[in-house]
Structure formats: structure tokens, C-alpha cells
Amino acid sequence: MNKFITVLILILPGGLFGLSAAQQEGLSPDLKAALKDAACTTAAGAQNADAKGVDGQNADANSDSTMEALPIRSSGREVGTIVEVQGACHCQNGNCDALVYLRNGEGYRLALHEKYATLHPMKIVKQGMPSLTGQFEVSTLKMETTVYDWDGKSYKPSLCATVIKGKRVPSITRHPCKAR
């Protein structure tokens with residue numbers, strides 16, 4: 001029964017994420033102002049930012065980036081947003097920057113910044129905030145899954161597992177979460 005619940009937690013929300021992401025509108029102005037955390041910070045991105053385009057203008061490393069927003073809701077109200085940034089600077093092996101912004105008065109504050117293939121809220125609520133689940137693709141057949149729970153101040157990893165896709169049933173191996 002535990003394996004069934006774990007599989008349900010790991011696989012079912014993926015379909016919900018696809019439906020929610022397809023219905024997203026543009027980012028709100030106050031969230032756009034907070035997105036300085038999504039700036040390209042890799043060495044390759046910095047080189048691209050300094051590079052000159054064919055017209056002699058500076059090439060913008062973030063110009064090829066796209067962002068998708070997914071609201072985080074609790075008790076019928078929006079308490080935050082997950083922003084997935086995709087582009088050459090932000091993605092490695094199918095895992096892209098995923099930023100979690102929580103409402104902070106009139107603005108937002110960054111609560112989590114990791115690289116995941118998917119990151120989305122769950123229906124489980126702890127201390128007034130929904131838990132989050134992220135999948136990090138290691139290969140086409142293997143992924144690392146992390147569930148984050150709200151501890152009242154920040155999101156902390158609470159369940160970590162390696163999922164290996166099999167012919168019929170995936171193999172799920174729970175392991176200790178890495179300290180952040």
C-alpha cells in the first residue's frame with residue numbers, strides 16, 4: 001500500500017501540472033519585478049551576455065528564455081507562484097530553473113530555487129502551505145523525486161526517492177534527502 005501511495009504522489013500530479021501550465025496567463029508586474037533571481041548566472045551565460053551580435057549590439061543571454069508560471073493556492077487564494085525558466089542558460093539535461101516565489105505583502109520573495117524537469121504543488125497542506133514535488137531527470141529511465149514541506153518559514157525536503165522506470169511498475173527507492 002505504501003508503494004501505491006508513493007507512486008500516486010510521484011506520478012499523478014504530473015498530469016495536473018500540464019493542465020495548469022496550459023491555462024497560465026502572463027506574469028503579474030510585481031512578480032516580474034522579483035524575477036532578478038532568474039538572471040543567467042552560468043559562466044557560459046556570462047560569456048554570451050558579453051558577446052557582440054552581428055549588428056554590434058550586446059547579445060542578451062536571457063533573450064531566448066521563456067517563463068511559465070504556475071500559481072500556488074491554499075484555502076482558495078493564491079499564496080505564491082512557481083516560475084519555470086527555460087532556455088540555454090537555464091537548462092541542463094532537461095532540468096531547468098524552477099523558482100518558488102511566495103507572496104510577501106504587496107510583492108514576492110524567493111523561497112526555493114532548484115533545477116527540475118517539473119516542480120508543482122500537491123494537494124497535501126502543512127502549516128497552511130501546500131507541499132511541493134519536484135522531479136529531476138537523471139536519464140530517460142531514472143529520476144530523482146523530492147517532496148518539499150512547509151515548516152512555517154521555508155520549504156524543506158521531507159521525502160526523497162529514486163524512481164527507475166521498468167516495463168510495468170517503476171522501482172521506487174526512498175533515501176535520505178541531501179542537506180541544502
# chains A, B, ... in the order shown; residues from 1 in each chain; ligands from 1
call {"tool": "residues_around", "arguments": {"residues": "range 80-89 of chain A", "least_positions_apart": "3", "cutoff": "6 Å", "atoms": "only C-alpha atoms", "output": "PyMOL selection string"}}
result
chain A and resi 40+45+64-72+96-103
call {"tool": "residues_around", "arguments": {"residues": "Cys160 in chain A", "least_positions_apart": "6", "cutoff": "9 Å", "atoms": "only C-alpha atoms", "output": "ChimeraX atom specification"}}
result
/A:144-147,173-178
call {"tool": "write_last_selection", "arguments": {"atoms": "C-alpha atoms", "output": "CSV table (one decimal), in the first residue's frame"}}
result
chain,number,residue,atom,x,y,z
A,144,GLU,CA,15.1,11.8,-8.5
A,145,THR,CA,12.0,13.0,-6.8
A,146,THR,CA,11.8,15.3,-3.9
A,147,VAL,CA,8.8,16.4,-1.8
A,173,THR,CA,13.8,3.6,-3.6
A,174,ARG,CA,13.5,6.1,-0.8
A,175,HIS,CA,16.7,7.6,0.5
A,176,PRO,CA,17.8,10.5,2.9
A,177,CYS,CA,17.5,13.9,1.4
A,178,LYS,CA,20.7,15.9,0.8
call {"tool": "closest_residue", "arguments": {"among": "A:Met122, A:Leu141, A:Gly134, A:Asp149", "to": "Ala161 in chain A", "atoms": "only C-alpha atoms"}}
result
A:Gly134
call {"tool": "atom_distance", "arguments": {"atom1": "CA of Arg109 in chain A", "atom2": "CA of Val138 in chain A"}}
result
29.2 Å
call {"tool": "closest_residue", "arguments": {"among": "A:Leu159, A:Tyr108, A:Gly94, A:Lys153", "to": "Leu132 in chain A", "atoms": "only C-alpha atoms"}}
result
A:Leu159
call {"tool": "atom_distance", "arguments": {"atom1": "CA of Gln135 in chain A", "atom2": "CA of Tyr116 in chain A"}}
result
5.6 Å
